[in-house]
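Containing compact mmCIF, C-alpha atoms and all ligand atoms: entry-v1.txt.
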```txt
# COMPACT_ATOMS: atom_id res chain seq x y z
CA MET A 944 24.80 71.48 39.69
CA GLU A 945 24.72 71.83 35.93
CA ARG A 946 27.96 71.02 34.16
CA ALA A 947 29.43 73.62 31.82
CA PRO A 948 29.12 72.54 28.16
CA SER A 949 32.32 70.90 27.00
CA ILE A 950 32.14 72.11 23.42
CA LEU A 951 31.62 75.61 22.10
CA LEU A 952 30.44 75.67 18.50
CA ILE A 953 31.22 79.01 16.89
CA GLY A 954 29.55 79.87 13.59
CA LEU A 955 31.50 82.69 11.98
CA GLY A 956 30.37 84.90 9.07
CA GLY A 957 27.29 84.38 6.93
CA ALA A 958 28.03 80.75 6.01
CA GLY A 959 29.17 79.79 9.51
CA CYS A 960 26.13 81.39 11.18
CA SER A 961 23.65 79.77 8.86
CA MET A 962 25.27 76.33 9.11
CA VAL A 963 25.24 76.54 12.88
CA SER A 964 21.61 77.72 12.93
CA ARG A 965 20.58 74.78 10.77
CA LEU A 966 22.50 72.34 12.99
CA ALA A 967 21.41 73.83 16.33
CA PRO A 968 18.03 72.09 16.78
CA ALA A 969 19.68 68.64 16.66
CA LEU A 970 22.83 69.30 18.67
CA PRO A 971 23.74 67.28 21.77
CA ALA A 972 23.43 69.03 25.14
CA GLU A 973 27.23 69.13 25.46
CA VAL A 974 27.40 71.71 22.67
CA GLN A 975 26.86 75.39 23.30
CA VAL A 976 26.43 77.73 20.33
CA LEU A 977 27.83 81.17 19.54
CA ARG A 978 27.21 82.95 16.25
CA VAL A 979 29.68 85.67 15.30
CA ASP A 980 29.30 88.02 12.34
CA THR A 981 29.93 91.57 11.17
CA ASP A 982 26.51 91.51 9.54
CA ALA A 983 23.84 92.75 11.98
CA ARG A 984 21.06 91.04 10.05
CA SER A 985 22.71 87.63 10.10
CA VAL A 986 23.38 87.98 13.83
CA ALA A 987 19.77 88.96 14.54
CA GLU A 988 18.13 86.41 12.24
CA GLY A 989 19.87 83.17 13.21
CA GLY A 990 18.11 82.67 16.51
CA ALA A 991 20.24 79.76 17.71
CA GLY A 992 22.37 80.18 20.83
CA ALA A 993 24.25 83.33 21.76
CA ALA A 994 25.26 85.93 19.19
CA LEU A 995 28.09 88.43 18.97
CA GLN A 996 28.19 91.21 16.42
CA VAL A 997 31.79 92.20 15.70
CA GLY A 998 33.19 95.26 13.93
CA ARG A 999 30.26 97.59 14.60
CA ALA A 1000 32.54 100.62 14.35
CA GLN A 1001 34.27 99.40 11.19
CA THR A 1002 31.37 97.94 9.19
CA ARG A 1003 28.25 99.60 10.71
CA GLY A 1004 26.62 96.19 10.77
CA MET A 1005 26.76 95.83 6.99
CA GLY A 1006 29.28 92.98 6.66
CA THR A 1007 32.75 93.53 5.24
CA GLY A 1008 31.76 93.61 1.57
CA GLY A 1009 34.20 90.77 0.94
CA GLU A 1010 37.26 92.42 2.58
CA PRO A 1011 39.20 89.97 4.80
CA ALA A 1012 41.33 92.79 6.26
CA LEU A 1013 38.14 94.34 7.62
CA GLY A 1014 37.02 90.95 8.96
CA ALA A 1015 40.28 90.62 10.89
CA VAL A 1016 40.04 94.13 12.39
CA ALA A 1017 36.40 93.50 13.33
CA ALA A 1018 37.28 90.35 15.30
CA GLU A 1019 40.32 91.97 16.91
CA ALA A 1020 38.09 94.78 18.18
CA GLU A 1021 35.99 92.19 20.07
CA GLU A 1022 38.82 90.01 21.36
CA ALA A 1023 37.78 90.47 24.99
CA ALA A 1024 34.22 89.23 24.36
CA LEU A 1025 35.49 86.33 22.26
CA ARG A 1026 37.96 85.34 24.97
CA ARG A 1027 35.26 85.36 27.65
CA ALA A 1028 33.15 83.01 25.52
CA CYS A 1029 36.06 80.61 24.99
CA ILE A 1030 37.07 80.24 28.63
CA GLY A 1031 35.62 76.98 29.97
CA PRO A 1032 34.88 74.66 27.04
CA ALA A 1033 37.56 72.04 26.38
CA LEU A 1034 36.93 72.15 22.64
CA VAL A 1035 36.04 74.99 20.34
CA VAL A 1036 34.66 73.92 16.98
CA LEU A 1037 34.81 76.82 14.56
CA VAL A 1038 32.65 76.63 11.44
CA THR A 1039 33.12 79.20 8.71
CA GLY A 1040 32.94 79.78 4.97
CA LEU A 1041 36.21 81.01 3.51
CA GLY A 1042 36.25 83.35 0.52
CA GLY A 1043 34.26 86.32 1.85
CA GLY A 1044 35.56 88.99 4.22
CA THR A 1045 34.30 88.01 7.65
CA GLY A 1046 35.14 84.30 7.61
CA SER A 1047 38.49 84.61 5.83
CA GLY A 1048 39.70 87.56 7.90
CA ALA A 1049 38.21 86.82 11.32
CA ALA A 1050 38.65 83.03 11.50
CA PRO A 1051 42.40 83.13 12.28
CA VAL A 1052 41.73 85.73 15.00
CA VAL A 1053 38.91 83.70 16.58
CA ALA A 1054 41.02 80.52 16.45
CA ARG A 1055 43.97 82.28 18.09
CA VAL A 1056 41.85 83.78 20.87
CA ALA A 1057 40.17 80.41 21.57
CA ALA A 1058 43.53 78.63 21.70
CA GLU A 1059 44.93 81.32 24.00
CA ALA A 1060 41.91 80.77 26.26
CA GLY A 1061 43.01 77.15 26.66
CA ALA A 1062 40.62 75.39 24.27
CA THR A 1063 41.58 72.85 21.64
CA VAL A 1064 40.41 74.39 18.38
CA LEU A 1065 39.07 72.36 15.47
CA ALA A 1066 37.96 74.35 12.44
CA PHE A 1067 35.68 73.30 9.59
CA ALA A 1068 36.11 75.66 6.66
CA THR A 1069 34.15 75.60 3.44
CA MET A 1070 36.04 76.51 0.28
CA PRO A 1071 34.21 78.44 -2.44
CA PHE A 1072 32.56 76.90 -5.49
CA SER A 1073 34.82 77.27 -8.56
CA HIS A 1074 32.18 79.44 -10.18
CA GLU A 1075 32.54 82.05 -7.43
CA GLY A 1076 35.66 83.26 -9.20
CA GLU A 1077 39.35 83.77 -8.75
CA ARG A 1078 39.25 86.50 -6.11
CA ARG A 1079 37.12 84.50 -3.65
CA MET A 1080 39.34 81.48 -4.19
CA ARG A 1081 42.49 83.50 -3.54
CA GLN A 1082 41.02 85.04 -0.39
CA ALA A 1083 39.92 81.59 0.75
CA ASN A 1084 43.44 80.21 0.21
CA GLU A 1085 45.02 83.02 2.19
CA GLY A 1086 42.46 82.62 4.96
CA ALA A 1087 43.05 78.85 5.03
CA ILE A 1088 46.79 79.26 5.49
CA ALA A 1089 46.35 81.81 8.30
CA LEU A 1090 43.66 79.70 9.98
CA GLY A 1091 45.77 76.54 9.70
CA GLN A 1092 48.51 78.26 11.67
CA LYS A 1093 46.19 79.14 14.57
CA ALA A 1094 43.76 76.21 14.83
CA HIS A 1095 44.86 72.82 16.20
CA GLY A 1096 42.95 71.04 13.47
CA LEU A 1097 41.49 72.18 10.18
CA VAL A 1098 39.10 70.26 7.96
CA PHE A 1099 38.25 71.61 4.51
CA VAL A 1100 34.80 71.17 3.05
CA HIS A 1101 35.04 71.88 -0.68
CA ASN A 1102 31.77 73.29 -1.85
CA ASP A 1103 32.50 71.91 -5.34
CA LEU A 1104 32.38 68.42 -3.86
CA LEU A 1105 28.93 69.12 -2.48
CA LEU A 1106 27.56 69.43 -6.00
CA GLN A 1107 28.40 65.79 -6.62
CA GLN A 1108 26.10 64.73 -3.79
CA VAL A 1109 22.94 66.10 -5.36
CA SER A 1110 21.18 66.18 -8.73
CA ASN A 1111 21.85 69.05 -11.13
CA GLU A 1112 18.42 70.54 -10.43
CA ALA A 1113 18.81 70.50 -6.64
CA PRO A 1114 18.24 73.82 -4.86
CA LEU A 1115 21.23 75.38 -3.09
CA SER A 1116 19.78 74.47 0.31
CA GLU A 1117 19.94 70.80 -0.66
CA THR A 1118 23.50 71.23 -1.93
CA PHE A 1119 24.54 72.66 1.43
CA ALA A 1120 22.82 69.83 3.29
CA ALA A 1121 25.72 67.40 2.72
CA ALA A 1122 28.19 69.78 4.39
CA ASP A 1123 25.77 70.24 7.28
CA ALA A 1124 25.51 66.45 7.67
CA TRP A 1125 29.30 66.09 7.80
CA VAL A 1126 29.80 68.84 10.36
CA GLY A 1127 26.82 67.54 12.38
CA GLY A 1128 28.40 64.07 12.41
CA ALA A 1129 31.66 65.51 13.69
CA LEU A 1130 29.91 67.39 16.47
CA ARG A 1131 27.95 64.34 17.63
CA ALA A 1132 31.20 62.35 17.66
CA LEU A 1133 33.08 64.95 19.67
CA ALA A 1134 30.22 65.49 22.08
CA ALA A 1135 29.90 61.73 22.63
CA ALA A 1136 33.40 61.67 24.08
CA PHE A 1137 32.26 63.97 26.90
CA GLU A 1138 28.90 62.34 27.66
CA PRO A 1139 28.72 59.55 30.24
CA GLY A 1140 27.08 56.21 29.44
CA ALA A 1141 28.90 55.10 26.29
CA LEU A 1142 28.98 51.43 25.25
CA VAL A 1143 32.73 51.92 24.74
CA PRO A 1144 33.85 55.16 26.42
CA VAL A 1145 36.79 57.29 25.40
CA ASP A 1146 39.01 59.51 27.51
CA PRO A 1147 38.30 63.12 26.47
CA VAL A 1148 41.84 64.10 27.43
CA ALA A 1149 43.27 61.55 24.99
CA LEU A 1150 40.89 62.83 22.32
CA ARG A 1151 42.08 66.39 22.87
CA SER A 1152 45.67 65.27 22.60
CA ILE A 1153 44.98 63.67 19.21
CA LEU A 1154 43.49 66.88 17.91
CA ALA A 1155 46.08 69.11 19.47
CA SER A 1156 49.09 68.17 17.39
CA PRO A 1157 49.91 71.55 15.91
CA GLY A 1158 50.87 71.75 12.29
CA SER A 1159 49.50 68.38 11.34
CA PRO A 1160 46.68 68.09 8.84
CA THR A 1161 43.33 66.79 10.03
CA LEU A 1162 41.33 63.99 8.52
CA PHE A 1163 37.59 63.82 8.84
CA ALA A 1164 35.28 61.24 7.30
CA TYR A 1165 31.66 60.33 7.90
CA GLY A 1166 29.51 57.42 6.78
CA VAL A 1167 26.12 55.89 7.49
CA GLY A 1168 24.86 52.30 7.13
CA SER A 1169 21.60 50.52 7.88
CA GLY A 1170 20.14 47.03 8.17
CA ALA A 1171 22.25 43.87 8.31
CA GLY A 1172 25.96 44.67 8.66
CA ALA A 1173 25.14 48.36 9.24
CA ALA A 1174 28.30 49.09 11.24
CA LEU A 1175 30.64 47.70 8.62
CA GLN A 1176 28.63 49.42 5.90
CA ALA A 1177 28.96 52.74 7.72
CA ALA A 1178 32.71 52.20 8.12
CA HIS A 1179 33.07 51.56 4.38
CA ALA A 1180 30.91 54.59 3.61
CA ALA A 1181 33.24 56.69 5.80
CA GLY A 1182 36.16 55.19 3.89
CA SER A 1183 34.76 56.59 0.66
CA CYS A 1184 33.55 59.90 2.14
CA PRO A 1185 34.25 62.66 -0.41
CA LEU A 1186 35.98 64.76 2.26
CA ALA A 1187 38.72 62.13 2.53
CA HIS A 1188 39.00 61.81 -1.24
CA ALA A 1189 39.58 65.40 -2.26
CA PRO A 1190 42.84 65.57 -4.25
CA GLY A 1191 45.69 66.06 -1.80
CA ALA A 1192 43.60 65.19 1.29
CA VAL A 1193 45.29 63.26 4.08
CA THR A 1194 44.64 59.55 3.61
CA LYS A 1195 46.78 57.82 6.24
CA VAL A 1196 47.21 59.19 9.74
CA ALA A 1197 49.06 58.06 12.83
CA ALA A 1198 46.32 58.80 15.34
CA LEU A 1199 42.62 58.13 14.88
CA PHE A 1200 39.44 58.80 16.79
CA VAL A 1201 36.56 56.63 15.61
CA TYR A 1202 32.99 57.18 16.76
CA VAL A 1203 30.44 54.47 16.13
CA ALA A 1204 26.82 55.18 17.05
CA GLY A 1205 23.99 52.74 16.45
CA GLY A 1206 20.55 51.61 17.52
CA PRO A 1207 19.82 49.20 20.40
CA THR A 1208 20.82 46.08 18.44
CA MET A 1209 24.39 47.23 17.81
CA THR A 1210 26.94 45.16 19.72
CA SER A 1211 30.46 46.03 20.86
CA ASN A 1212 31.63 43.50 18.33
CA ASP A 1213 29.90 45.41 15.51
CA ALA A 1214 31.67 48.55 16.68
CA PHE A 1215 35.09 46.84 16.84
CA GLU A 1216 34.55 45.41 13.35
CA ALA A 1217 33.80 48.89 12.06
CA VAL A 1218 36.94 50.23 13.68
CA GLY A 1219 38.97 47.47 12.02
CA ALA A 1220 37.70 48.55 8.61
CA VAL A 1221 38.39 52.21 9.37
CA ARG A 1222 41.95 51.39 10.46
CA GLN A 1223 42.56 49.46 7.27
CA ARG A 1224 41.55 52.50 5.28
CA PHE A 1225 43.05 55.35 7.34
CA GLY A 1226 45.84 53.95 9.54
CA GLY A 1227 45.85 54.85 13.21
CA GLU A 1228 48.95 52.75 13.96
CA THR A 1229 50.17 54.93 16.83
CA THR A 1230 46.82 55.51 18.54
CA THR A 1231 43.25 54.52 17.81
CA LEU A 1232 40.59 55.80 20.17
CA LEU A 1233 37.15 54.28 19.93
CA CYS A 1234 33.93 55.65 21.31
CA ALA A 1235 30.79 53.59 20.73
CA ARG A 1236 27.33 54.65 21.79
CA ILE A 1237 23.80 53.30 21.61
CA VAL A 1238 21.34 55.89 20.37
CA PRO A 1239 17.85 54.41 20.92
CA ASP A 1240 16.10 56.25 18.09
CA PHE A 1241 18.70 55.20 15.49
CA GLY A 1242 16.77 51.96 14.85
CA ASP A 1243 18.92 49.79 12.54
CA ARG A 1244 21.06 52.78 11.49
CA VAL A 1245 24.75 53.14 12.34
CA GLU A 1246 26.91 56.22 11.83
CA VAL A 1247 30.69 56.24 11.83
CA SER A 1248 32.76 59.42 12.18
CA VAL A 1249 36.52 59.45 11.88
CA LEU A 1250 38.86 62.20 13.00
CA GLY A 1251 42.55 61.77 12.52
CA ALA A 1252 45.83 63.54 12.86
CA SER A 1253 49.26 62.80 11.53
CA LEU A 1254 52.18 62.68 13.88
CA PRO A 1255 53.20 65.99 15.42
CA PHE A 1256 56.51 67.45 14.40
CA PRO A 1257 59.24 64.82 14.58
CA LYS A 1258 61.74 65.01 17.41
CA PRO A 1259 65.15 66.35 16.38
CA ALA A 1260 67.05 63.52 14.70
CA PRO A 1261 69.85 61.82 16.69
CA LYS A 1262 73.34 63.04 15.90
CA ALA A 1263 73.96 62.30 12.23
CA ARG A 1264 76.66 59.79 11.28
CA LYS A 1265 79.70 61.22 9.59
CA GLY A 1266 78.97 61.90 5.95
CA ALA A 1267 75.23 61.38 6.35
CA LYS A 1268 72.92 64.21 5.31
CA ALA A 1269 71.72 66.07 8.41
CA ALA A 1270 67.98 66.06 8.97
CA ASP A 1271 66.34 69.45 9.22
CA ALA A 1272 64.62 69.29 12.59
CA ALA A 1273 62.72 72.47 11.91
CA GLN A 1274 60.98 70.92 8.96
CA PRO A 1275 57.51 69.59 9.73
CA LEU A 1276 56.66 66.03 8.78
CA PHE A 1277 53.58 67.31 7.03
CA GLY A 1278 52.70 70.84 6.09
CA PHE A 1279 49.11 71.98 6.27
CA ALA A 1280 47.34 70.98 3.10
CA THR A 1281 46.23 74.31 1.70
CA GLU A 1282 43.04 74.60 -0.27
CA GLU A 1283 45.14 75.09 -3.38
CA THR A 1284 47.11 71.88 -2.95
CA ILE A 1285 43.92 70.01 -2.18
CA ARG A 1286 41.91 71.24 -5.13
CA ARG A 1287 44.71 71.50 -7.61
CA GLY A 1288 46.78 68.44 -6.73
CA LEU A 1289 49.88 68.31 -8.91
CA PHE A 1290 49.06 71.74 -10.28
CA GLY A 1291 49.41 73.35 -6.81
CA GLY A 1292 52.01 76.10 -6.88
CA THR A 1293 51.58 76.79 -10.60
CA PRO A 1294 49.65 79.81 -11.84
CA MET A 1295 45.95 79.09 -12.11
CA THR A 1296 44.61 78.79 -15.65
CA PHE A 1297 41.25 80.51 -15.79
CA ILE A 1298 39.14 80.09 -18.91
CA GLU A 1299 35.70 81.71 -18.87
CA GLY A 1300 35.88 81.97 -15.08
CA GLN A 1301 36.74 78.28 -14.60
CA ASP A 1302 40.00 77.07 -13.13
CA VAL A 1303 40.74 74.41 -15.74
CA ASP A 1304 43.48 72.82 -13.65
CA VAL A 1305 40.77 71.60 -11.28
CA PRO A 1306 39.70 68.12 -12.39
CA THR A 1307 36.62 68.33 -14.63
CA TYR A 1308 34.59 65.98 -12.45
CA ILE A 1309 34.99 68.39 -9.56
CA ARG A 1310 34.36 71.53 -11.65
CA LYS A 1311 31.30 70.10 -13.36
CA ALA A 1312 30.09 68.38 -10.22
CA VAL A 1313 29.78 65.00 -11.92
CA ARG A 1314 28.27 62.47 -9.55
CA LEU A 1315 30.55 59.51 -9.10
CA PRO A 1316 28.92 56.09 -8.89
CA GLY A 1317 28.35 55.13 -5.27
CA GLY A 1318 29.48 58.63 -4.14
N1 LIG B 1 28.65 74.89 2.59
C1 LIG B 1 28.17 76.15 2.66
N2 LIG B 1 28.88 77.16 2.12
C2 LIG B 1 28.36 78.41 2.17
C3 LIG B 1 27.11 78.69 2.77
N3 LIG B 1 26.86 80.03 2.64
C4 LIG B 1 27.93 80.56 2.01
N4 LIG B 1 28.85 79.60 1.71
C5 LIG B 1 30.21 79.77 1.18
O1 LIG B 1 30.90 80.62 2.09
C6 LIG B 1 31.63 81.63 1.40
C7 LIG B 1 31.72 82.88 2.26
O2 LIG B 1 30.49 83.54 2.26
P1 LIG B 1 29.88 84.30 3.52
O3 LIG B 1 29.94 83.44 4.72
O4 LIG B 1 28.55 84.84 3.14
O5 LIG B 1 30.92 85.49 3.71
P2 LIG B 1 31.26 86.25 5.06
O6 LIG B 1 32.29 85.47 5.81
O7 LIG B 1 29.98 86.56 5.78
O8 LIG B 1 32.00 87.56 4.55
P3 LIG B 1 31.41 89.00 4.14
O9 LIG B 1 29.91 88.85 3.98
O10 LIG B 1 32.13 89.29 2.88
O11 LIG B 1 31.80 89.89 5.25
C8 LIG B 1 30.87 81.78 0.11
O12 LIG B 1 31.74 82.24 -0.87
C9 LIG B 1 30.34 80.38 -0.19
O13 LIG B 1 31.31 79.63 -0.90
C10 LIG B 1 26.40 77.60 3.37
O14 LIG B 1 25.31 77.74 3.93
N5 LIG B 1 26.98 76.35 3.28
MG MG B 2 28.58 88.14 5.38
```
Kindly present the structure from the file in structure tokens form.
Amino acid sequence: MERAPSILLIGLGGAGCSMVSRLAPALPAEVQVLRVDTDARSVAEGGAGAALQVGRAQTRGMGTGGEPALGAVAAEAEEAALRRACIGPALVVLVTGLGGGTGSGAAPVVARVAAEAGATVLAFATMPFSHEGERRMRQANEGAIALGQKAHGLVFVHNDLLLQQVSNEAPLSETFAAADAWVGGALRALAAAFEPGALVPVDPVALRSILASPGSPTLFAYGVGSGAGAALQAAHAAGSCPLAHAPGAVTKVAALFVYVAGGPTMTSNDAFEAVGAVRQRFGGETTTLLCARIVPDFGDRVEVSVLGASLPFPKPAPKARKGAKAADAAQPLFGFATEETIRRGLFGGTPMTFIEGQDVDVPTYIRKAVRLPGG
């Protein structure tokens, strides 16, 4: 009897659908695909996996025209169909681009429905390029906060950071390729936890429990190495992954999941060495789960993916001593890092300073997409 896929990958909105369509041909068998959009053309064109057009009555298949409120209503109108799709898979990975109407408005609804259906929900959300303007950025921020409250984990992919990965003349498709590679790495890592036959297996239930610590920010990093010392190289590359270096990103977490995949010559020792390097960089003191897998066609290549979560909300403090300041048990250890705090660092919470359409509080190297050496 065929096993039900363990992971449902939902591409939401134009960006989400096209990312998922590009990733689909190389996805592991454990991953089932669903594309969701208000835009009839994007739903029809993608081709990969199942498709669900939402908000027919509200948008007539034309997209939301950048209105998140319409995106939310569109998804709410199809809650029953979304719920049916989310019953069964242990994990739902939601990929969307924030800033427009469908992704920003519908993502919190889709995440809520998936969580209500019993899935652990990990979202990857792209944040707009600075040059897309203030309105898109504001909508993306609002969407990020709402999505962070509904998903178990949320990883931001800053489109501005993508520009640093490519030359100034690179076409947009090449710019987007780095984000696709990161999300693809995450999916292979998650799927590997559910597939039998790993060199070092991991308990999928433990993995879910790492991801499912509500309210804690999620770390994701990805790196590749090749040749002699490939595993350690990949671990160091993950350590300097731009996703983990965005201003305000989580850098030390209590619980880690590390996936190491390599060609036939990779040993368990190589994998453990890589994990050691990852732990030095990212923590994982409370829990570190390792999954290592041999992928025959990797040759001398090794890839390392790291997913991490901070501790869940702290337990209420023991009775305070007389005179001591009482701890506020309702206060989370970490709040969700919003796009604003991530991009704007110390300037988060202050009014944005826009000059000629550029948010000048965003570090110049991010705004101008300067390539950092070794980045
Ligand atoms: N990384 C990446 N980002 C993308 C891609 N396509 C679009 N984006 C980003 O995603 C944001 C949202 O755009 P869309 O996905 O087209 O918007 P939508 O969710 O379909 O919303 P409406 O069309 O307004 O209903 C854009 O502002 C871009 O920043 C992509 O292929 N890759
Ligand atoms: Mg659209």
Spatial neighbours of A:Ala1024, max dist 9 Å, only C-alpha atoms, sep filter under 4 positions, as a list in words = Leu995, Ala1028 and Cys1029 of chain A
Would you save the residues from that selection as a tab-separated table (two decimals), in the frame of the given file, using C-alpha atoms?
```tsv
chain	number	residue	atom	x	y	z
A	995	LEU	CA	28.09	88.43	18.97
A	1028	ALA	CA	33.15	83.01	25.52
A	1029	CYS	CA	36.06	80.61	24.99
```
What is the distance, in Å and to one decimal place, between atom CA of A:Glu1019 and atom CA of A:Leu970?
->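 Here the two named atoms are 28.7 Å from each other.
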Select, from A:Arg1055, A:Arg1151, A:Arg978, A:His1188, the residue with the minimum atom-to-atom distance to A:Leu1090, counting only C-alpha atoms.
->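 Closest residue, counting only C-alpha atoms: A:Arg1055.
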Could you tell me, counting all atoms listed in the file, which protein and nucleic acid residues lie no more than 9 Å from ligand MG 2 (chain B), written as a ChimeraX atom specification?
-> /A:956-958,980-982,985,1005-1009,1043-1046
Leaving out stretch 1208-1211 of chain A and any residue of its chain fewer than 3 positions from it, which residues lie within 12 Å of it when counting all atoms listed in the file, given as a PyMOL selection string?
-> chain A and resi 1141-1144+1168-1175+1203-1205+1214-1218+1233-1246
Written file, previous selection with C-alpha atoms, as a short mmCIF file (atom, residue, chain, number, x, y, z; two decimals), in the coordinates of the input:
```cif
data_model
loop_
_atom_site.label_atom_id
_atom_site.label_comp_id
_atom_site.auth_asym_id
_atom_site.auth_seq_id
_atom_site.Cartn_x
_atom_site.Cartn_y
_atom_site.Cartn_z
CA ALA A 1141 28.90 55.10 26.29
CA LEU A 1142 28.98 51.43 25.25
CA VAL A 1143 32.73 51.92 24.74
CA PRO A 1144 33.85 55.16 26.42
CA GLY A 1168 24.86 52.30 7.13
CA SER A 1169 21.60 50.52 7.88
CA GLY A 1170 20.14 47.03 8.17
CA ALA A 1171 22.25 43.87 8.31
CA GLY A 1172 25.96 44.67 8.66
CA ALA A 1173 25.14 48.36 9.24
CA ALA A 1174 28.30 49.09 11.24
CA LEU A 1175 30.64 47.70 8.62
CA VAL A 1203 30.44 54.47 16.13
CA ALA A 1204 26.82 55.18 17.05
CA GLY A 1205 23.99 52.74 16.45
CA ALA A 1214 31.67 48.55 16.68
CA PHE A 1215 35.09 46.84 16.84
CA GLU A 1216 34.55 45.41 13.35
CA ALA A 1217 33.80 48.89 12.06
CA VAL A 1218 36.94 50.23 13.68
CA LEU A 1233 37.15 54.28 19.93
CA CYS A 1234 33.93 55.65 21.31
CA ALA A 1235 30.79 53.59 20.73
CA ARG A 1236 27.33 54.65 21.79
CA ILE A 1237 23.80 53.30 21.61
CA VAL A 1238 21.34 55.89 20.37
CA PRO A 1239 17.85 54.41 20.92
CA ASP A 1240 16.10 56.25 18.09
CA PHE A 1241 18.70 55.20 15.49
CA GLY A 1242 16.77 51.96 14.85
CA ASP A 1243 18.92 49.79 12.54
CA ARG A 1244 21.06 52.78 11.49
CA VAL A 1245 24.75 53.14 12.34
CA GLU A 1246 26.91 56.22 11.83
#
```
For A:Gly1182, list every protein, DNA or RNA residue within 8 Å, evaluated using only C-alpha atoms, and leave out those in the same chain fewer than 4 positions away; present the list as JSON, numbers by chain.
-> {"A": [1164, 1165, 1166, 1178, 1187, 1221, 1224, 1225]}
How would the residues just picked look written out with C-alpha atoms as a compact mmCIF listing (two decimals), keeping the file's coordinate frame?
```txt
# COMPACT_ATOMS: atom_id res chain seq x y z
CA ALA A 1164 35.28 61.24 7.30
CA TYR A 1165 31.66 60.33 7.90
CA GLY A 1166 29.51 57.42 6.78
CA ALA A 1178 32.71 52.20 8.12
CA ALA A 1187 38.72 62.13 2.53
CA VAL A 1221 38.39 52.21 9.37
CA ARG A 1224 41.55 52.50 5.28
CA PHE A 1225 43.05 55.35 7.34
```
If you measure from atom CA of A:Leu1130 to atom CA of A:Val1249, what distance in Å do you get, rounded to one decimal?
-> 11.3 Å
Give me the residues within 7 Å of A:Ala1060 as a list of chain:residue names, counting all atoms listed in the file and dropping any in the same chain fewer than 4 places off.
-> A:Arg1026, A:Cys1029, A:Ile1030, A:Val1056
Take the selection from the previous step and output its residues with C-alpha atoms, as a PDB file, keeping the file's coordinate frame.
```pdb
ATOM      1  CA  ARG A1026      37.960  85.340  24.970  1.00  0.00           C
ATOM      2  CA  CYS A1029      36.060  80.610  24.990  1.00  0.00           C
ATOM      3  CA  ILE A1030      37.070  80.240  28.630  1.00  0.00           C
ATOM      4  CA  VAL A1056      41.850  83.780  20.870  1.00  0.00           C
TER       5      VAL A1056
END
```
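For the pair atom CA of A:Ala967 and atom CA of A:His1074, the interatomic distance is 29.2 Å.
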Shortest contact to ligand LIG 1 (chain B), candidates A:Ala1124, A:Leu1065, A:Leu951, A:Val1035, atoms counted only C-alpha atoms and all ligand atoms, goes to A:Ala1124
Got a sec: who's within 8 Å of A:Val976, counting all atoms listed in the file, leaving out chain neighbours fewer than 6 positions off, as a compact mmCIF listing (two decimals) with C-alpha atoms, in the coordinates of the input?
```txt
# COMPACT_ATOMS: atom_id res chain seq x y z
CA LEU A 951 31.62 75.61 22.10
CA LEU A 952 30.44 75.67 18.50
CA ILE A 953 31.22 79.01 16.89
CA GLY A 954 29.55 79.87 13.59
CA VAL A 963 25.24 76.54 12.88
CA ALA A 967 21.41 73.83 16.33
CA ALA A 991 20.24 79.76 17.71
CA GLY A 992 22.37 80.18 20.83
CA ALA A 993 24.25 83.33 21.76
```
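Minimum atom-to-atom distance to A:Phe1137, evaluated using all atoms listed in the file, belongs to A:Val974 out of A:Ala1120, A:Ala1023, A:Val974, A:Leu1013.
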From the set A:Gly1042, A:Gly1086, A:Gly1128, A:Gly1096, which residue has the shortest atom-to-atom contact distance to A:Pro1071, counting only C-alpha atoms?
->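 Comparing A:Gly1042, A:Gly1086, A:Gly1128, A:Gly1096 against A:Pro1071, the winner is A:Gly1042.
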Rebuild N, CA and C atoms on stretch 1171-1179 of chain A, as a PDB file, keeping the file's coordinate frame?
```pdb
ATOM      1  N   ALA A1171      21.251  44.882   7.953  1.00  0.00           N
ATOM      2  CA  ALA A1171      22.250  43.870   8.310  1.00  0.00           C
ATOM      3  C   ALA A1171      23.648  44.393   7.978  1.00  0.00           C
ATOM      4  N   GLY A1172      24.582  44.230   8.885  1.00  0.00           N
ATOM      5  CA  GLY A1172      25.960  44.670   8.660  1.00  0.00           C
ATOM      6  C   GLY A1172      26.090  46.187   8.613  1.00  0.00           C
ATOM      7  N   ALA A1173      25.174  46.890   9.315  1.00  0.00           N
ATOM      8  CA  ALA A1173      25.140  48.360   9.240  1.00  0.00           C
ATOM      9  C   ALA A1173      26.457  49.005   9.666  1.00  0.00           C
ATOM     10  N   ALA A1174      27.090  48.451  10.709  1.00  0.00           N
ATOM     11  CA  ALA A1174      28.300  49.090  11.240  1.00  0.00           C
ATOM     12  C   ALA A1174      29.434  49.035  10.219  1.00  0.00           C
ATOM     13  N   LEU A1175      29.575  47.851   9.606  1.00  0.00           N
ATOM     14  CA  LEU A1175      30.640  47.700   8.620  1.00  0.00           C
ATOM     15  C   LEU A1175      30.341  48.559   7.382  1.00  0.00           C
ATOM     16  N   GLN A1176      29.058  48.583   7.033  1.00  0.00           N
ATOM     17  CA  GLN A1176      28.630  49.420   5.900  1.00  0.00           C
ATOM     18  C   GLN A1176      28.984  50.894   6.153  1.00  0.00           C
ATOM     19  N   ALA A1177      28.684  51.338   7.377  1.00  0.00           N
ATOM     20  CA  ALA A1177      28.960  52.740   7.720  1.00  0.00           C
ATOM     21  C   ALA A1177      30.460  53.013   7.677  1.00  0.00           C
ATOM     22  N   ALA A1178      31.253  52.022   8.139  1.00  0.00           N
ATOM     23  CA  ALA A1178      32.710  52.200   8.120  1.00  0.00           C
ATOM     24  C   ALA A1178      33.206  52.320   6.679  1.00  0.00           C
ATOM     25  N   HIS A1179      32.661  51.488   5.779  1.00  0.00           N
ATOM     26  CA  HIS A1179      33.070  51.560   4.380  1.00  0.00           C
ATOM     27  C   HIS A1179      32.614  52.874   3.747  1.00  0.00           C
TER      28      HIS A1179
END
```
